[in-house]
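> Have a look at this one before I ask anything.
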Amino acid sequence: MRHLITPMDLSVEETMNILDLAERISIGPQLYKHVADGRQLATLFYEPSTRTRLSFESAMLSLGGQTLGFSSAAQSSASKGETVADTARVVSCYADIIAMRHPKEGAPLQASIYSRIPIINAGDGGHAHPTQTLIDMMTIRQRKGKLNNLTIGFCGDLKFGRTVHSLVSSLTRFSDNKFYFISPEELRIPDYLRDDVLNPSNSTYEEVSSLEDTLPKLDVLYMTRVQKERFFNEEEYLRLKDVYILDEEKLKLADKDMPVLHPLPRVDEISLDVDDDPRAAYFDQVQNGKYIRMALIMALLGITDPVTGRTVLDTHSL
Amino acid sequence: MRHLITPMDLSVEETMNILDLAERISIGPQLYKHVADGRQLATLFYEPSTRTRLSFESAMLSLGGQTLGFSSAAQSSASKGETVADTARVVSCYADIIAMRHPKEGAPLQASIYSRIPIINAGDGGHAHPTQTLIDMMTIRQRKGKLNNLTIGFCGDLKFGRTVHSLVSSLTRFSDNKFYFISPEELRIPDYLRDDVLNPSNSTYEEVSSLEDTLPKLDVLYMTRVQKERFFNEEEYLRLKDVYILDEEKLKLADKDMPVLHPLPRVDEISLDVDDDPRAAYFDQVQNGKYIRMALIMALLGITDPVTGRTVLDTHSL
Amino acid sequence: MRHLITPMDLSVEETMNILDLAERISIGPQLYKHVADGRQLATLFYEPSTRTRLSFESAMLSLGGQTLGFSSAAQSSASKGETVADTARVVSCYADIIAMRHPKEGAPLQASIYSRIPIINAGDGGHAHPTQTLIDMMTIRQRKGKLNNLTIGFCGDLKFGRTVHSLVSSLTRFSDNKFYFISPEELRIPDYLRDDVLNPSNSTYEEVSSLEDTLPKLDVLYMTRVQKERFFNEEEYLRLKDVYILDEEKLKLADKDMPVLHPLPRVDEISLDVDDDPRAAYFDQVQNGKYIRMALIMALLGITDPVTGRTVLDTHSL
């Protein structure tokens with residue numbers, strides 16, 4: 001049995017297989033609408049995340065499966081003092097696969113040790129959010145045709161933005177990528193990303209502060225929201241949240257094939273006039289999110305792809 | 001693509017077509033139990049409303065479709081600062097149709113501008129609640145055989161009661177209806193209903209304060225709850241909520257074919273002894289609510305009625 | 001139409017029939033996966049209880065049915081002042097069967113008087129939790145082969161623990177059972193259990209305080225959590241919650257075939273090292289919970305068992 005706790009749980013080959021399956025689903029979703037008949041997905045969300053939860057539920061329903069679960073810790077047995085391990089074991093009796101969101105880093109990993117069914121990490125604190133990373137990769141590959149030899153700018157909150165950390169880690173596995181990290185001093189990438197990911201992989205990267213100066217150099221721009229819930233101090237949040245706002249004016253500086261990604265929700269870091277620009281790729285990401293999750297559910301449940309006649313993961317290999 | 005934001009989005013002919021479809025569904029629900037197979041309804045409820053949400057979900061499930069969504073704003077991305085427009089666009093990637101409840105007037109309209117899938121307004125602040133209006137019309141037509149040439153009394157909170165405003169507006173489109181508005185001074189109908197709806201349509205109406213004096217004149221009585229959540233002041237609420245209580249004693253004054261409608265939930269404005277009176281129509285309304293919502297989902301999704309072989313709305317006309 | 005409000009609503013024969021059906025389902029769940037096609041379960045949870053709610057939902061989905069509902073009172077119409085009776089009547093228009101959890105004793109009974117569809121009590125305050133009792137009986141019968149002539153120890157919070165009261169009541173209907181009640185002075189069984197259940201049935205029982213002294217005498221041990229939410233006083237809770245902790249060391253005193261039951265969630269009254277002991281039966285209970293609820297939904301909806309060709313309950317007998 002396999003789980004997906006961090007994007008690194010998948011080899012590069014497996015990752016590409018998942019992306020390929022997601023592409024096939026996007027082309028002919030009707031071919032997949034009964035592959036998970038009679039299977040149940042439990043969405044265990046210890047903190048609310050509508051977008052992610054609805055995306056998982058929609059994915060499972062579109063495969064013919066069913067869903068059950070909870071959308072906040074207040075509804076869960078955690079309020080009675082139950083451990084995540086016990087909850088995982090209990091839910092193993094009710095469902096076939098779990099998508100777990102948890103404010104505490106490591107909770108899905110802990111759960112996976114005791115679970116009798118596959119667990120997908122749907123975000124654990126500042127740690128990982130592997131389905132988002134796969135979505136980002138799928139969207140970049142759709143727009144640029146490749147995942148290597150790209151210059152990618154990450155802009156905004158690079159300190160707390162886990163989607164940035166996960167995507168950077170994954171992209172270092174592909175050759176000749178260059179990263180620009182655009183942020184205020186206070187929100188720079190954390191040391192571990194520099195010491196454990198970028199330097200060991202001999203990646204080329206620069207830390208800069210000007211979005212305008214960097215835009216012309218980029219193949220891909222990845223914007224992030226400055227997340228209020230990661231700050232202890234309201235003033236600091238207000239000061240930093242509007243430092244980088246992308247609008248059509250600034251986009252004139254960028255290549256006309258440079259996709260703009262954003263994990264959403266956005267507040268005002270991308271102005272509405274960008275939405276109609278063909279470079280805006282953030283609603284593509286949302287649509288890809290459903291396909292990636294359909295592919296992952298199939299992969300982890302070991303469901304045969306009706307198009308290829310094969311399963312995606314060797315579920316015995318890990 | 002069509003949305004349903006206010007009852008006036010539907011022509012009189014379209015309204016009658018929806019009511020007719022709902023009647024056909026009520027006669028043979030089993031004929032409709034697979035018409036929405038593989039379709040998904042998203043219930044986006046930014047304020048709790050169990051009755052309405054469950055009714056929509058039950059309607060979709062009874063058509064063979066599936067549901068996903070949230071039941072309060074605390075569970076939604078709104079708490080992260082996302083606009084309704086972005087949420088609508090995102091959910092367009094996950095589902096085929098949206099039922100949206102929002103405390104703010106105009107939110108569903110705003111969402112419909114950006115949505116790529118049909119939106120049904122499931123109540124927006126004090127503004128509109130079009131499915132309730134269709135339910136009320138269906139129930140009146142079942143009981144009285146017509147929607148014109150009726151004397152209809154509205155009793156209770158006529159100031160904040162949006163179901164009253166919507167139903168009155170719809171009934172002015174049918175000929176020769178007369179309205180009695182029975183309320184305390186403080187809860188009279190708002191000016192806009194007088195100036196923009198009743199007077200322009202040359203409707204006959206009277207504003208009165210005695211339920212007992214008015215009851216003998218009525219073909220239909222529409223009771224409302226004095227809604228605590230619309231008041232700023234607890235004292236005022238307590239003083240006004242019990243002014244009109246309908247019981248079997250008072251009902252002796254009414255015609256024996258005068259249906260009693262109420263949008264529910266009731267608190268104590270209709271006493272329990274009325275429930276067994278054949279004139280009590282409020283549980284009929286609940287049952288009709290499911291059929292109306294089944295009909296609307298079919299209509300807005302452009303699903304062919306298996307009984308007539310036709311769709312209900314020309315979805316290209318608006 | 002039948003409801004299940006307390007375990008005593010079922011005769012001993014009916015109880016055994018439900019357990020037998022649950023066993024058949026556990027052997028061949030795939031034979032039952034379409035028996036409730038097109039039927040809807042409403043889960044009306046006026047207080048959160050993830051485990052119980054998910055178990056009911058999973059049960060209904062595994063029979064081919066569908067679910068809708070709410071998971072806390074904040075999401076329900078109760079917050080607008082609606083009575084349980086009205087809610088039951090309303091939900092009767094939307095669903096085919098109700099599972100109701102309520103903090104107030106008697107609420108499900110009250111609802112059942114007005115409901116037009118079967119209601120299963122999923123726990124009402126300190127009163128009853130009949131599905132848990134059936135689960136406990138199924139698990140004891142699996143482990144010991146019988147429900148009579150057993151020595152059963154109940155340990156922990158025997159005052160507020162309704163699962164204990166319900167199970168004891170049910171077990172007094174079988175011959176020659178003996179009960180040990182192991183608790184601190186403050187958490188002893190309530191008078192009504194002594195006066196109305198144990199003494200009238202001439203049951204043999206002892207109230208003791210030492211788990212160690214009692215363990216060697218037991219055929220079955222039923223542990224309970226000291227529930228914080230039943231206490232008014234935090235200090236008292238903290239003092240009493242750790243009086244009885246079962247670990248592998250203590251289990252050495254017990255028979256090697258003595259199953260350990262617990263209704264879960266546990267906090268720390270059973271240490272983790274017990275989980276791998278073959279006597280640990282509490283995760284069996286979880287799995288049985290799904291089968292029992294599948295059996296009950298079939299029984300109350302009058303669905304024919306495809307294996308026996310018969311329904312389980314004579315739904316006209318009550």
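Going by the structure tokens order, chains are called A, B, ..., each with residues numbered from 1, while ligands are numbered from 1 in the order shown.
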Up to 8 Å from chain A, what residues of chain C turn up? Count only C-alpha atoms and give them as a ChimeraX atom specification.

/C:33,48-51,54-55,57-59,61-62,64,71-72,228,265-267,283,286-287,290

> Write out as a VMD selection string the residues lying within 9 Å of His102 (chain B), counting only C-alpha atoms and excluding same-chain residues fewer than 6 positions away.

chain B and resid 44 to 47 73 108 121 to 125

> Find the residues around Glu185 (chain A) up to 12 Å (only C-alpha atoms counted), leave out those fewer than 3 positions away in its own chain, and share them as JSON, numbers by chain.

{"A": [156, 157, 158, 159, 181, 182, 188, 189, 190, 207, 208, 209, 210, 240, 243]}

> Can you tell me, as a PyMOL selection string, which residues in region 130-269 of chain A count as alpha helix (DSSP H) by DSSP?

chain A and resi 130-144+162-171+191-192+211-214+234-241+248-251

> Write the selection just made, keeping C-alpha atoms, as a PDB file, in the first residue's frame?


```pdb
ATOM      1  CA  PRO A 130       1.721  17.350  -2.542  1.00  0.00           C
ATOM      2  CA  THR A 131      -1.422  17.508  -4.669  1.00  0.00           C
ATOM      3  CA  GLN A 132      -0.867  21.241  -5.166  1.00  0.00           C
ATOM      4  CA  THR A 133       2.675  20.534  -6.323  1.00  0.00           C
ATOM      5  CA  LEU A 134       1.466  18.010  -8.883  1.00  0.00           C
ATOM      6  CA  ILE A 135      -1.125  20.551 -10.082  1.00  0.00           C
ATOM      7  CA  ASP A 136       1.570  23.201 -10.477  1.00  0.00           C
ATOM      8  CA  MET A 137       3.774  20.798 -12.434  1.00  0.00           C
ATOM      9  CA  MET A 138       0.912  19.727 -14.688  1.00  0.00           C
ATOM     10  CA  THR A 139       0.072  23.351 -15.431  1.00  0.00           C
ATOM     11  CA  ILE A 140       3.675  24.339 -16.156  1.00  0.00           C
ATOM     12  CA  ARG A 141       4.104  21.335 -18.440  1.00  0.00           C
ATOM     13  CA  GLN A 142       0.872  22.217 -20.293  1.00  0.00           C
ATOM     14  CA  ARG A 143       2.040  25.776 -20.847  1.00  0.00           C
ATOM     15  CA  LYS A 144       5.749  25.257 -21.511  1.00  0.00           C
ATOM     16  CA  ARG A 162       4.634  25.677   1.581  1.00  0.00           C
ATOM     17  CA  THR A 163       3.434  25.361  -2.005  1.00  0.00           C
ATOM     18  CA  VAL A 164       6.610  27.191  -3.031  1.00  0.00           C
ATOM     19  CA  HIS A 165       8.858  24.914  -0.990  1.00  0.00           C
ATOM     20  CA  SER A 166       7.242  21.775  -2.381  1.00  0.00           C
ATOM     21  CA  LEU A 167       7.319  22.933  -5.989  1.00  0.00           C
ATOM     22  CA  VAL A 168      10.943  24.085  -5.775  1.00  0.00           C
ATOM     23  CA  SER A 169      11.933  20.734  -4.285  1.00  0.00           C
ATOM     24  CA  SER A 170      10.202  18.895  -7.085  1.00  0.00           C
ATOM     25  CA  LEU A 171      11.634  21.095  -9.849  1.00  0.00           C
ATOM     26  CA  ASP A 191      17.258  28.080   5.473  1.00  0.00           C
ATOM     27  CA  TYR A 192      16.297  24.458   5.035  1.00  0.00           C
ATOM     28  CA  LEU A 211       9.362  42.035  -9.259  1.00  0.00           C
ATOM     29  CA  GLU A 212       9.715  44.569 -12.099  1.00  0.00           C
ATOM     30  CA  ASP A 213      13.420  43.899 -12.602  1.00  0.00           C
ATOM     31  CA  THR A 214      12.926  40.146 -12.590  1.00  0.00           C
ATOM     32  CA  GLU A 234      -1.663  42.005  12.393  1.00  0.00           C
ATOM     33  CA  GLU A 235       0.464  45.102  11.678  1.00  0.00           C
ATOM     34  CA  GLU A 236       3.266  43.134  10.124  1.00  0.00           C
ATOM     35  CA  TYR A 237       0.742  41.293   7.946  1.00  0.00           C
ATOM     36  CA  LEU A 238      -0.805  44.540   6.710  1.00  0.00           C
ATOM     37  CA  ARG A 239       2.588  46.048   5.891  1.00  0.00           C
ATOM     38  CA  LEU A 240       3.793  43.061   3.877  1.00  0.00           C
ATOM     39  CA  LYS A 241       0.700  41.839   2.098  1.00  0.00           C
ATOM     40  CA  GLU A 248      -1.550  44.293 -16.481  1.00  0.00           C
ATOM     41  CA  GLU A 249       0.849  47.224 -16.372  1.00  0.00           C
ATOM     42  CA  LYS A 250       3.613  45.141 -14.797  1.00  0.00           C
ATOM     43  CA  LEU A 251       2.817  42.190 -17.049  1.00  0.00           C
TER      44      LEU A 251
END
```

> Give the strand (DSSP E or B) residues of region 186-301 of chain C, as assigned by DSSP on the backbone, as a list in words.

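Selecting the strand (DSSP E or B) positions of region 186-301 of chain C gives Thr204, Tyr205, Glu206, Glu207, Val208, Val220, Leu221, Tyr222, Met223, Leu246, Val260, Leu261, Ile270 and Ala280 of chain C.
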
> CA of Ala85 (chain B) and CA of Asp9 (chain B) are how many Å apart?

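Here the two named atoms are 20.2 Å from each other.
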
> Between B:Leu187, B:Phe56, B:Ala111, B:Ile117, which residue has the minimum interatomic distance to Leu300 (chain B), considering only C-alpha atoms?

B:Ile117

> In Å, with one decimal, what is the gap from CA of Asn199 (chain C) to CA of His127 (chain C)?

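Taking CA of Asn199 (chain C) as the start and CA of His127 (chain C) as the end point, the length is 19.5 Å.
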
> Could you tell me how far CA of Asp277 (chain A) lies from CA of Pro29 (chain A), in Å and to one decimal?

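Going from CA of Asp277 (chain A) over to CA of Pro29 (chain A), I get 27.1 Å.
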